[in-house]
file input-v9.cif (mmCIF, C-alpha atoms)
data_work
#
loop_
_atom_site.label_atom_id
_atom_site.label_comp_id
_atom_site.auth_asym_id
_atom_site.auth_seq_id
_atom_site.Cartn_x
_atom_site.Cartn_y
_atom_site.Cartn_z
CA MET L 1 -34.86 5.12 9.99
CA PRO L 2 -33.01 7.60 7.77
CA LYS L 3 -29.46 8.45 8.77
CA ARG L 4 -28.72 12.01 9.81
CA PHE L 5 -26.26 14.04 7.78
CA PRO L 6 -22.84 13.64 9.46
CA PHE L 7 -20.98 16.72 10.61
CA THR L 8 -17.74 17.16 8.64
CA HIS L 9 -15.06 19.81 8.78
CA ARG L 10 -12.66 20.98 6.07
CA GLU L 11 -9.26 22.49 6.71
CA GLY L 12 -6.45 23.66 4.46
CA THR L 13 -5.75 22.02 1.12
CA HIS L 14 -8.04 19.13 0.36
CA SER L 15 -10.03 17.46 -2.40
CA ARG L 16 -13.74 18.08 -2.78
CA GLN L 17 -14.46 14.36 -2.44
CA ALA L 18 -12.56 11.35 -1.14
CA HIS L 19 -10.42 9.36 -3.61
CA ALA L 20 -10.92 11.80 -6.49
CA ASP L 21 -9.30 14.93 -7.95
CA LEU L 22 -6.45 14.97 -5.46
CA PRO L 23 -4.72 18.38 -5.08
CA ALA L 24 -1.43 18.64 -6.96
CA GLU L 25 0.37 20.29 -4.03
CA ALA L 26 -0.67 17.49 -1.64
CA PRO L 27 -1.34 14.46 -3.86
CA TYR L 28 -1.08 11.71 -1.22
CA GLU L 29 -4.44 11.04 0.37
CA ARG L 30 -4.59 9.03 3.59
CA GLU L 31 -7.83 7.67 5.02
CA MET L 32 -7.99 7.51 8.80
CA GLY L 33 -11.00 5.31 9.43
CA ARG L 34 -12.77 3.56 12.25
CA ALA L 35 -14.42 0.14 12.38
CA GLY L 36 -12.45 -1.01 9.38
CA PHE L 37 -13.94 0.73 6.36
CA TYR L 38 -17.45 0.61 7.81
CA GLY L 39 -17.31 3.58 10.21
CA PRO L 40 -16.53 7.32 10.13
CA ALA L 41 -13.37 8.50 8.42
CA THR L 42 -11.19 11.54 7.80
CA HIS L 43 -9.06 12.05 4.68
CA LEU L 44 -5.75 13.80 5.14
CA HIS L 45 -3.72 15.18 2.23
CA HIS L 46 0.06 14.89 2.47
CA ARG L 47 2.90 16.35 0.46
CA HIS L 48 4.91 13.12 0.83
CA PRO L 49 3.87 9.46 0.72
CA PRO L 50 2.68 8.34 4.18
CA THR L 51 4.78 5.19 3.65
CA GLY L 52 7.99 7.10 2.94
CA TRP L 53 9.91 5.79 5.95
CA THR L 54 13.69 5.29 5.72
CA SER L 55 14.10 2.92 8.68
CA TRP L 56 11.92 0.93 11.06
CA GLU L 57 12.72 -0.68 14.39
CA GLY L 58 10.47 -2.85 16.53
CA GLU L 59 6.82 -3.82 16.30
CA PRO L 60 4.25 -3.27 14.94
CA ARG L 61 5.59 -3.50 11.41
CA PRO L 62 4.43 -4.91 8.06
CA HIS L 63 5.31 -8.54 7.38
CA ALA L 64 5.29 -10.78 4.31
CA TYR L 65 5.54 -14.58 4.28
CA ASP L 66 6.10 -17.02 1.43
CA LEU L 67 3.71 -19.74 2.57
CA LEU L 68 4.56 -22.10 -0.27
CA GLN L 69 7.94 -22.66 1.40
CA LEU L 70 6.21 -24.27 4.37
CA ASP L 71 6.28 -28.01 4.97
CA ALA L 72 2.50 -28.11 5.26
CA GLU L 73 1.50 -31.70 4.39
CA TYR L 74 -0.39 -33.20 7.32
CA PRO L 75 -3.10 -35.89 7.55
CA VAL L 76 -5.31 -33.52 9.61
CA PRO L 77 -5.52 -29.77 8.82
CA TRP L 78 -5.22 -28.69 12.46
CA ASP L 79 -1.86 -30.43 12.76
CA ALA L 80 -0.44 -27.75 10.47
CA PRO L 81 0.97 -25.03 12.75
CA PRO L 82 -0.89 -21.69 12.56
CA VAL L 83 0.76 -18.94 10.55
CA LEU L 84 -1.27 -16.26 12.33
CA HIS L 85 -3.73 -16.62 15.18
CA ASN L 86 -5.82 -14.89 17.82
CA THR L 87 -8.73 -15.87 20.05
CA ASP L 88 -11.21 -15.57 17.15
CA CYS L 89 -9.46 -17.29 14.25
CA GLN L 90 -6.44 -19.27 13.16
CA LEU L 91 -4.83 -19.12 9.70
CA ARG L 92 -2.93 -22.09 8.28
CA LEU L 93 -1.51 -23.39 5.04
CA TRP L 94 -2.38 -27.07 4.59
CA ARG L 95 -1.42 -29.52 1.86
CA CYS L 96 -3.36 -32.71 1.27
CA ALA L 97 -1.90 -35.00 -1.41
CA ASP L 98 -3.64 -38.30 -0.60
CA ALA L 99 -7.08 -39.33 0.58
CA MET L 100 -7.57 -38.52 4.26
CA PRO L 101 -7.55 -41.87 6.11
CA ARG L 102 -9.86 -40.52 8.81
CA PRO L 103 -12.80 -38.11 8.77
CA VAL L 104 -12.39 -35.08 11.06
CA ARG L 105 -14.74 -32.95 13.12
CA ASN L 106 -14.01 -29.45 14.45
CA ALA L 107 -15.82 -28.81 17.74
CA ASP L 108 -14.39 -25.28 18.09
CA GLY L 109 -16.03 -23.35 15.25
CA ASP L 110 -16.66 -23.13 11.52
CA THR L 111 -13.84 -23.96 9.09
CA LEU L 112 -13.18 -22.15 5.82
CA LEU L 113 -10.96 -23.81 3.20
CA PHE L 114 -9.76 -21.72 0.26
CA THR L 115 -8.37 -23.96 -2.48
CA HIS L 116 -5.12 -22.44 -3.71
CA ALA L 117 -4.24 -25.46 -5.86
CA GLY L 118 -5.58 -28.89 -6.70
CA GLN L 119 -8.93 -30.57 -7.14
CA GLY L 120 -10.79 -33.52 -5.72
CA ASP L 121 -13.78 -34.62 -3.68
CA LEU L 122 -15.16 -33.67 -0.29
CA PHE L 123 -17.25 -36.23 1.60
CA CYS L 124 -19.16 -34.95 4.61
CA ASP L 125 -22.27 -35.48 6.72
CA PHE L 126 -24.35 -33.87 3.96
CA GLY L 127 -23.03 -35.87 1.02
CA HIS L 128 -20.46 -35.46 -1.75
CA LEU L 129 -19.13 -32.22 -3.26
CA GLY L 130 -16.30 -31.80 -5.76
CA TYR L 131 -13.79 -28.97 -5.38
CA ARG L 132 -11.22 -27.27 -7.60
CA GLU L 133 -8.71 -24.42 -7.55
CA GLY L 134 -10.34 -21.19 -6.43
CA ASP L 135 -13.12 -22.79 -4.38
CA TYR L 136 -14.12 -21.71 -0.92
CA LEU L 137 -15.48 -24.59 1.17
CA VAL L 138 -17.48 -23.40 4.19
CA ILE L 139 -17.71 -26.24 6.72
CA PRO L 140 -20.02 -25.65 9.71
CA ARG L 141 -18.88 -26.44 13.21
CA GLY L 142 -19.43 -30.09 14.13
CA THR L 143 -19.49 -31.36 10.53
CA LEU L 144 -17.76 -34.68 9.88
CA TRP L 145 -15.73 -34.51 6.67
CA ARG L 146 -12.77 -35.84 4.71
CA LEU L 147 -11.07 -35.15 1.36
CA GLU L 148 -10.02 -37.40 -1.50
CA PRO L 149 -7.76 -35.22 -3.69
CA GLY L 150 -7.68 -35.96 -7.41
CA ALA L 151 -4.49 -33.87 -7.52
CA PRO L 152 -2.29 -32.66 -4.64
CA SER L 153 -4.23 -29.84 -3.02
CA THR L 154 -3.12 -26.75 -1.11
CA PHE L 155 -5.50 -24.77 1.10
CA LEU L 156 -5.54 -21.57 3.08
CA VAL L 157 -7.42 -22.69 6.20
CA VAL L 158 -9.32 -20.17 8.32
CA ASP L 159 -10.61 -21.68 11.57
CA ALA L 160 -13.31 -19.47 13.05
CA THR L 161 -12.80 -20.26 16.73
CA ASP L 162 -16.23 -20.15 18.40
CA GLN L 163 -17.41 -18.03 15.46
CA VAL L 164 -20.12 -18.52 12.87
CA LEU L 165 -19.23 -17.65 9.26
CA GLY L 166 -22.12 -16.11 7.37
CA LEU L 167 -22.85 -13.53 4.70
CA PRO L 168 -22.24 -9.80 5.18
CA ASP L 169 -24.96 -7.19 5.20
CA LYS L 170 -24.93 -5.91 1.62
CA GLY L 171 -26.93 -2.79 2.45
CA PHE L 172 -28.61 -0.88 -0.32
CA ALA L 173 -26.69 -2.93 -2.92
CA GLY L 174 -29.22 -5.67 -2.18
CA ALA L 175 -29.01 -9.34 -1.22
CA HIS L 176 -28.05 -10.43 -4.74
CA ALA L 177 -25.02 -8.16 -5.07
CA VAL L 178 -21.49 -9.61 -5.32
CA PHE L 179 -22.93 -13.12 -5.63
CA ASP L 180 -26.48 -14.40 -5.54
CA PRO L 181 -27.24 -16.43 -2.38
CA ALA L 182 -28.40 -19.20 -4.73
CA VAL L 183 -24.91 -19.50 -6.29
CA PRO L 184 -23.07 -21.55 -3.60
CA ASP L 185 -23.23 -25.28 -4.33
CA LEU L 186 -24.32 -27.84 -1.74
CA PRO L 187 -23.30 -31.50 -1.23
CA ALA L 188 -25.42 -34.24 -2.77
CA ILE L 189 -26.34 -37.73 -1.63
CA ASP L 190 -25.15 -39.11 -4.96
CA GLU L 191 -23.61 -42.35 -6.24
CA ALA L 192 -20.10 -41.30 -5.25
CA PHE L 193 -21.24 -40.63 -1.69
CA LEU L 194 -23.14 -43.90 -1.39
CA ALA L 195 -20.21 -45.82 -2.91
CA GLN L 196 -17.83 -44.75 -0.14
CA GLN L 197 -20.11 -46.12 2.59
CA ASP L 198 -18.98 -49.51 3.92
CA GLU L 199 -18.97 -51.74 6.98
CA ASN L 200 -15.23 -51.53 7.60
CA GLU L 201 -13.66 -50.09 10.72
CA TRP L 202 -13.17 -46.30 10.59
CA GLN L 203 -11.64 -43.84 13.02
CA VAL L 204 -12.72 -40.22 13.46
CA VAL L 205 -10.54 -37.35 14.75
CA ILE L 206 -12.40 -34.77 16.86
CA ARG L 207 -10.70 -31.47 17.59
CA HIS L 208 -11.58 -29.63 20.80
CA GLY L 209 -9.11 -26.85 21.57
CA ASP L 210 -5.69 -28.43 22.08
CA GLN L 211 -7.22 -31.85 22.60
CA ARG L 212 -7.78 -34.59 20.02
CA ALA L 213 -10.13 -37.56 20.41
CA LEU L 214 -9.81 -40.68 18.25
CA VAL L 215 -13.16 -42.47 17.97
CA THR L 216 -13.50 -45.90 16.34
CA PHE L 217 -16.60 -47.06 14.47
CA PRO L 218 -17.27 -50.51 12.95
CA PHE L 219 -18.63 -48.75 9.85
CA ASN L 220 -18.05 -45.58 7.85
CA PRO L 221 -19.80 -42.87 9.91
CA LEU L 222 -20.36 -40.81 6.73
CA ASP L 223 -23.43 -42.96 6.17
CA ALA L 224 -26.27 -40.41 5.82
CA ALA L 225 -29.13 -41.44 3.55
CA GLY L 226 -30.54 -37.92 3.33
CA TRP L 227 -31.08 -34.66 5.19
CA HIS L 228 -33.14 -31.48 5.28
CA GLY L 229 -32.40 -28.11 6.87
CA GLU L 230 -30.24 -25.02 6.40
CA VAL L 231 -26.97 -25.89 8.17
CA CYS L 232 -24.67 -27.53 5.64
CA VAL L 233 -21.40 -27.28 3.73
CA ARG L 234 -21.32 -24.73 0.92
CA ARG L 235 -18.93 -24.18 -2.01
CA LEU L 236 -18.23 -20.84 -3.72
CA ASN L 237 -15.62 -20.20 -6.42
CA TRP L 238 -14.06 -16.78 -6.83
CA ARG L 239 -15.07 -16.86 -10.52
CA ASP L 240 -18.72 -16.60 -9.42
CA ILE L 241 -18.07 -13.34 -7.57
CA ARG L 242 -19.19 -10.22 -9.46
CA PRO L 243 -17.47 -7.32 -7.71
CA LEU L 244 -19.09 -3.98 -7.04
CA THR L 245 -17.32 -1.31 -9.10
CA SER L 246 -17.61 2.40 -9.76
CA PRO L 247 -16.26 4.32 -12.77
CA ARG L 248 -15.82 7.50 -10.72
CA PHE L 249 -14.87 6.43 -7.18
CA HIS L 250 -12.34 3.93 -5.81
CA LEU L 251 -14.42 1.68 -3.56
CA PRO L 252 -12.99 0.51 -0.20
CA PRO L 253 -12.12 -3.15 0.43
CA SER L 254 -15.27 -3.57 2.53
CA VAL L 255 -17.39 -3.81 -0.65
CA HIS L 256 -15.51 -7.01 -1.48
CA THR L 257 -16.57 -8.78 1.76
CA THR L 258 -17.47 -12.40 1.01
CA PHE L 259 -18.00 -13.87 4.49
CA ALA L 260 -18.41 -12.26 7.90
CA ALA L 261 -18.04 -13.50 11.47
CA GLU L 262 -18.62 -11.51 14.64
CA HIS L 263 -15.01 -10.35 14.97
CA PHE L 264 -13.48 -10.77 11.51
CA VAL L 265 -14.37 -10.61 7.83
CA VAL L 266 -13.11 -12.43 4.73
CA CYS L 267 -12.95 -10.42 1.49
CA THR L 268 -12.13 -11.58 -2.04
CA PHE L 269 -10.37 -9.40 -4.60
CA VAL L 270 -11.12 -10.58 -8.13
CA PRO L 271 -10.38 -9.08 -11.57
CA ARG L 272 -12.40 -5.93 -12.16
CA PRO L 273 -12.37 -2.87 -14.44
CA LEU L 274 -10.47 0.13 -13.15
CA GLU L 275 -12.09 3.49 -12.67
CA THR L 276 -12.46 5.42 -15.92
CA ASP L 277 -13.01 8.92 -14.56
CA PRO L 278 -9.82 10.98 -15.16
CA GLY L 279 -9.79 12.30 -11.59
CA ALA L 280 -10.60 9.06 -9.78
CA LEU L 281 -7.93 7.24 -7.78
CA LYS L 282 -7.15 3.92 -9.48
CA VAL L 283 -5.08 2.20 -6.82
CA PRO L 284 -5.83 1.29 -3.17
CA PHE L 285 -5.57 4.47 -1.13
CA TYR L 286 -3.19 4.97 1.78
CA HIS L 287 -5.07 4.18 4.94
CA SER L 288 -4.73 3.87 8.69
CA ASN L 289 -7.02 0.97 9.48
CA ASP L 290 -6.55 1.36 13.21
CA ASP L 291 -9.27 -0.97 14.45
CA TYR L 292 -8.37 -4.12 12.48
CA ASP L 293 -5.33 -6.21 11.63
CA GLU L 294 -5.16 -6.85 7.87
CA VAL L 295 -3.99 -10.04 6.16
CA ILE L 296 -3.91 -10.69 2.40
CA PHE L 297 -3.22 -14.08 0.80
CA TYR L 298 -2.22 -13.71 -2.87
CA HIS L 299 -3.72 -16.46 -5.01
CA ALA L 300 -3.24 -15.58 -8.68
CA GLY L 301 -2.61 -12.81 -11.19
CA GLU L 302 -0.60 -9.61 -11.00
CA PHE L 303 -0.91 -7.76 -7.71
CA PHE L 304 -1.08 -4.24 -9.01
CA SER L 305 -0.51 -2.39 -5.72
CA ARG L 306 2.50 -4.49 -4.62
CA ASP L 307 6.00 -5.16 -5.94
CA ASN L 308 7.78 -8.54 -5.61
CA ILE L 309 4.68 -10.36 -4.35
CA ARG L 310 4.03 -13.81 -5.83
CA PRO L 311 1.09 -16.23 -5.64
CA GLY L 312 1.20 -18.14 -2.36
CA MET L 313 2.58 -15.21 -0.37
CA LEU L 314 0.77 -13.62 2.55
CA THR L 315 1.14 -10.09 3.90
CA PHE L 316 0.31 -9.07 7.47
CA HIS L 317 -0.30 -5.44 8.41
CA PRO L 318 -0.97 -5.05 12.15
CA ARG L 319 -3.09 -2.07 13.10
CA GLY L 320 -1.25 1.06 14.13
CA PHE L 321 0.51 2.29 11.01
CA THR L 322 -0.35 3.67 7.59
CA HIS L 323 0.03 1.41 4.60
CA GLY L 324 -0.86 1.51 0.93
CA PRO L 325 0.52 1.02 -2.56
CA HIS L 326 4.20 0.68 -3.31
CA PRO L 327 5.77 3.73 -5.00
CA GLY L 328 6.06 2.19 -8.45
CA ALA L 329 2.48 0.96 -8.35
CA TYR L 330 1.27 4.39 -7.28
CA ARG L 331 3.10 6.12 -10.13
CA ALA L 332 1.84 3.60 -12.67
CA ALA L 333 -1.73 4.12 -11.50
CA MET L 334 -1.45 7.89 -11.66
CA ARG L 335 -0.10 7.68 -15.22
CA GLY L 336 -3.06 5.55 -16.29
CA GLY L 337 -3.08 3.16 -19.22
CA ARG L 338 -4.34 0.07 -17.41
CA THR L 339 -8.02 -0.68 -17.78
CA GLU L 340 -8.49 -3.57 -15.35
CA THR L 341 -6.93 -5.57 -12.54
CA SER L 342 -5.95 -9.22 -12.84
CA GLU L 343 -5.34 -10.13 -9.19
CA VAL L 344 -7.13 -12.74 -7.13
CA ALA L 345 -6.52 -12.47 -3.40
CA VAL L 346 -8.16 -13.29 -0.07
CA MET L 347 -8.17 -10.65 2.67
CA ILE L 348 -8.91 -11.33 6.34
CA ASP L 349 -9.48 -8.35 8.65
CA THR L 350 -9.57 -9.20 12.37
CA ARG L 351 -10.79 -7.06 15.27
CA GLN L 352 -8.41 -8.73 17.74
CA ASP L 353 -4.63 -8.62 17.38
CA LEU L 354 -3.09 -11.45 15.37
CA ARG L 355 0.11 -13.14 16.47
CA PRO L 356 2.55 -14.84 14.07
CA GLY L 357 3.37 -18.48 14.74
CA LYS L 358 6.84 -19.98 14.46
CA SER L 359 6.03 -21.30 11.00
CA ALA L 360 5.53 -17.72 9.82
CA HIS L 361 8.93 -16.61 11.11
CA ASP L 362 10.57 -19.47 9.22
CA VAL L 363 9.32 -18.21 5.82
CA GLU L 364 9.33 -14.44 6.33
CA TRP L 365 10.60 -12.09 3.63
CA THR L 366 12.48 -9.69 5.90
CA GLY L 367 12.99 -7.19 3.09
CA TYR L 368 9.28 -6.39 2.94
CA ILE L 369 9.70 -3.48 5.36
CA ASP L 370 11.99 -1.78 2.82
CA SER L 371 9.77 -2.41 -0.20
CA TRP L 372 8.12 1.02 0.17
CA ARG L 373 11.46 2.79 -0.28
CA ASP L 374 11.38 4.80 -3.47
CA ASP L 375 14.48 4.68 -5.62
CA GLY L 376 12.58 6.23 -8.51
CA ASN L 377 13.45 3.35 -10.85
CA SER L 378 10.41 1.10 -10.41
CA ALA L 379 7.32 1.45 -12.57
#
call {"tool": "encode", "arguments": {"input": "input-v9.cif", "output": "structure tokens"}}
result
Amino acid sequence: MPKRFPFTHREGTHSRQAHADLPAEAPYEREMGRAGFYGPATHLHHRHPPTGWTSWEGEPRPHAYDLLQLDAEYPVPWDAPPVLHNTDCQLRLWRCADAMPRPVRNADGDTLLFTHAGQGDLFCDFGHLGYREGDYLVIPRGTLWRLEPGAPSTFLVVDATDQVLGLPDKGFAGAHAVFDPAVPDLPAIDEAFLAQQDENEWQVVIRHGDQRALVTFPFNPLDAAGWHGEVCVRRLNWRDIRPLTSPRFHLPPSVHTTFAAEHFVVCTFVPRPLETDPGALKVPFYHSNDDYDEVIFYHAGEFFSRDNIRPGMLTFHPRGFTHGPHPGAYRAAMRGGRTETSEVAVMIDTRQDLRPGKSAHDVEWTGYIDSWRDDGNSA
């Protein structure tokens, strides 16, 4: 069915369209949206930056964590304490330097591994699959798997508690937009997989909530000879993502959605050309995303809307306050000159409130709250 024209109202000084040709007397546009960036929205035009606070006490507040400072090497990924968590998902940093001595099975939901560093081999119920830096590994609930790193590997782990990770609805962009569904690679019953099968004693770790079962087999339980069906592990590298872009309009983060669950989404920001229209906004707009908590893990490149953010850091913006580019980044974007972005980052937006774990507090950059202060000296 066609969608009815929405009723909109205009008041005072405003632009003709969102994210373009902002009025000089009120150049700071703020989007107040519902349902993330998927629902109705209003754009307010301010004379001052909506992030121009001079002090902040209490919660909610923006947070930034340097995850690479964590002691995150564990034999089982779920032994790593969660950095952020709610009833729908848990976020961890996990390092795996040596071959996992035991296969693991998650009975609680799908598991998403984003490879921040390293390379190696994944062995699972469905066969063998190599991985490298920049790979997503989507592991369905109940899959038995283990890793043999070829180099010490670091992962952002997203556990989808009682959730199924699938593909987002790409709307009128079509099913092949962003990445073709045929792009993700699948495991193979190959020589490497068959070579790791043996008749030695193996133990399996099964995770069920806070409980752990240790099950002993007199053989390697990763002993499949073949399979057929549609539930399996999949691998996608950020380099295979072809982002939607527009030369005349700054697109919202929702167009970069890579995976979707019922109550959260995972988006991937990859290098893309900047808008070329002289009046188009070229930096993420100020927004009040009041229905979702927003988390961004910075993987590589230069993060053009943030100052003092390095690869391996994670920012957490609880719902309830306006956020957007840092002052220097905003000025640089308005001046122009740049033609493309170079950042690679993973964003997780959650419908339910996230809570920081103790491990997050241990590696927090407490000065992040003051990073929006404008001394006029930054770019």
call {"tool": "closest_residue", "arguments": {"input": "input-v9.cif", "among": "L:Ile296, L:Val138, L:Ala360, L:Val344", "to": "Asp71 of chain L", "atoms": "only C-alpha atoms"}}
result
L:Ala360
call {"tool": "closest_atom_pairs", "arguments": {"input": "input-v9.cif", "of": "segment 202-268 of chain L", "to": "segment 107-117 of chain L", "cutoff": "8 Å", "atoms": "only C-alpha atoms", "output": "tab-separated table"}}
result
residue	atom	partner	partner_atom	distance
L:Ile206	CA	L:Ala107	CA	6.9
L:Arg207	CA	L:Ala107	CA	5.8
L:His208	CA	L:Ala107	CA	5.3
L:Gly209	CA	L:Asp108	CA	6.5
call {"tool": "atom_distance", "arguments": {"input": "input-v9.cif", "atom1": "atom CA of Pro140 of chain L", "atom2": "atom CA of Leu186 of chain L"}}
result
12.4 Å
call {"tool": "closest_residue", "arguments": {"input": "input-v9.cif", "among": "L:Gly130, L:Pro62, L:Gly337, L:Pro23", "to": "Arg47 of chain L", "atoms": "only C-alpha atoms"}}
result
L:Pro23
call {"tool": "atom_distance", "arguments": {"input": "input-v9.cif", "atom1": "atom CA of Gly142 of chain L", "atom2": "atom CA of Leu222 of chain L"}}
result
13.1 Å
call {"tool": "residues_around", "arguments": {"input": "input-v9.cif", "residues": "segment 319-321 of chain L", "least_positions_apart": "2", "cutoff": "6 Å", "atoms": "only C-alpha atoms", "output": "ChimeraX atom specification"}}
result
/L:288,290,292-293
call {"tool": "resolve_selection", "arguments": {"input": "input-v9.cif", "expression": "the PyMOL selection byres ((chain L and resi 247) around 9)", "output": "PyMOL selection string"}}
result
chain L and resi 245-246+248-250+273-277+280
call {"tool": "atom_distance", "arguments": {"input": "input-v9.cif", "atom1": "atom CA of Tyr136 of chain L", "atom2": "atom CA of Val215 of chain L"}}
result
28.1 Å
call {"tool": "closest_residue", "arguments": {"input": "input-v9.cif", "among": "L:Gln119, L:Gln17, L:Asn308, L:Gln163", "to": "Pro149 of chain L", "atoms": "only C-alpha atoms"}}
result
L:Gln119
call {"tool": "resolve_selection", "arguments": {"input": "input-v9.cif", "expression": "the PyMOL selection byres ((chain L and resi 31) around 7)", "output": "ChimeraX atom specification"}}
result
/L:29-30,32-33,41-44,286-288
call {"tool": "resolve_selection", "arguments": {"input": "input-v9.cif", "expression": "the PyMOL selection byres ((chain L and resi 324) around 12)", "output": "compact mmCIF listing (two decimals) with C-alpha atoms, in the coordinates of the input"}}
result
# COMPACT_ATOMS: atom_id res chain seq x y z
CA TYR L 28 -1.08 11.71 -1.22
CA GLU L 29 -4.44 11.04 0.37
CA ARG L 30 -4.59 9.03 3.59
CA GLU L 31 -7.83 7.67 5.02
CA PRO L 49 3.87 9.46 0.72
CA PRO L 50 2.68 8.34 4.18
CA THR L 51 4.78 5.19 3.65
CA GLY L 52 7.99 7.10 2.94
CA PRO L 62 4.43 -4.91 8.06
CA VAL L 283 -5.08 2.20 -6.82
CA PRO L 284 -5.83 1.29 -3.17
CA PHE L 285 -5.57 4.47 -1.13
CA TYR L 286 -3.19 4.97 1.78
CA HIS L 287 -5.07 4.18 4.94
CA SER L 288 -4.73 3.87 8.69
CA ASN L 289 -7.02 0.97 9.48
CA GLU L 294 -5.16 -6.85 7.87
CA PHE L 304 -1.08 -4.24 -9.01
CA SER L 305 -0.51 -2.39 -5.72
CA ARG L 306 2.50 -4.49 -4.62
CA ASP L 307 6.00 -5.16 -5.94
CA HIS L 317 -0.30 -5.44 8.41
CA PHE L 321 0.51 2.29 11.01
CA THR L 322 -0.35 3.67 7.59
CA HIS L 323 0.03 1.41 4.60
CA PRO L 325 0.52 1.02 -2.56
CA HIS L 326 4.20 0.68 -3.31
CA PRO L 327 5.77 3.73 -5.00
CA GLY L 328 6.06 2.19 -8.45
CA ALA L 329 2.48 0.96 -8.35
CA TYR L 330 1.27 4.39 -7.28
CA SER L 371 9.77 -2.41 -0.20
CA TRP L 372 8.12 1.02 0.17
call {"tool": "closest_atom_pairs", "arguments": {"input": "input-v9.cif", "of": "segment 266-350 of chain L", "to": "segment 165-180 of chain L", "cutoff": "12 Å", "atoms": "all atoms listed in the file", "output": "JSON lines"}}
result
{"residue": "L:Val266", "atom": "CA", "partner": "L:Leu165", "partner_atom": "CA", "distance": 9.2}
{"residue": "L:Cys267", "atom": "CA", "partner": "L:Pro168", "partner_atom": "CA", "distance": 10.0}
{"residue": "L:Thr268", "atom": "CA", "partner": "L:Val178", "partner_atom": "CA", "distance": 10.1}
{"residue": "L:Phe269", "atom": "CA", "partner": "L:Val178", "partner_atom": "CA", "distance": 11.1}
{"residue": "L:Val270", "atom": "CA", "partner": "L:Val178", "partner_atom": "CA", "distance": 10.8}
{"residue": "L:Arg272", "atom": "CA", "partner": "L:Val178", "partner_atom": "CA", "distance": 12.0}
call {"tool": "closest_residue", "arguments": {"input": "input-v9.cif", "among": "L:Glu148, L:Glu11, L:Asp135, L:Asp223", "to": "Asp98 of chain L", "atoms": "all atoms listed in the file"}}
result
L:Glu148
call {"tool": "closest_residue", "arguments": {"input": "input-v9.cif", "among": "L:Thr54, L:Arg146, L:Arg102, L:Glu343", "to": "Thr216 of chain L", "atoms": "only C-alpha atoms"}}
result
L:Arg102
call {"tool": "residues_around", "arguments": {"input": "input-v9.cif", "residues": "Ile348 of chain L", "least_positions_apart": "3", "cutoff": "12 Å", "atoms": "only C-alpha atoms", "output": "PyMOL selection string"}}
result
chain L and resi 36+84-85+88-91+112+156-160+253-254+256-261+263-269+292-298+314-318+345+351-352+354
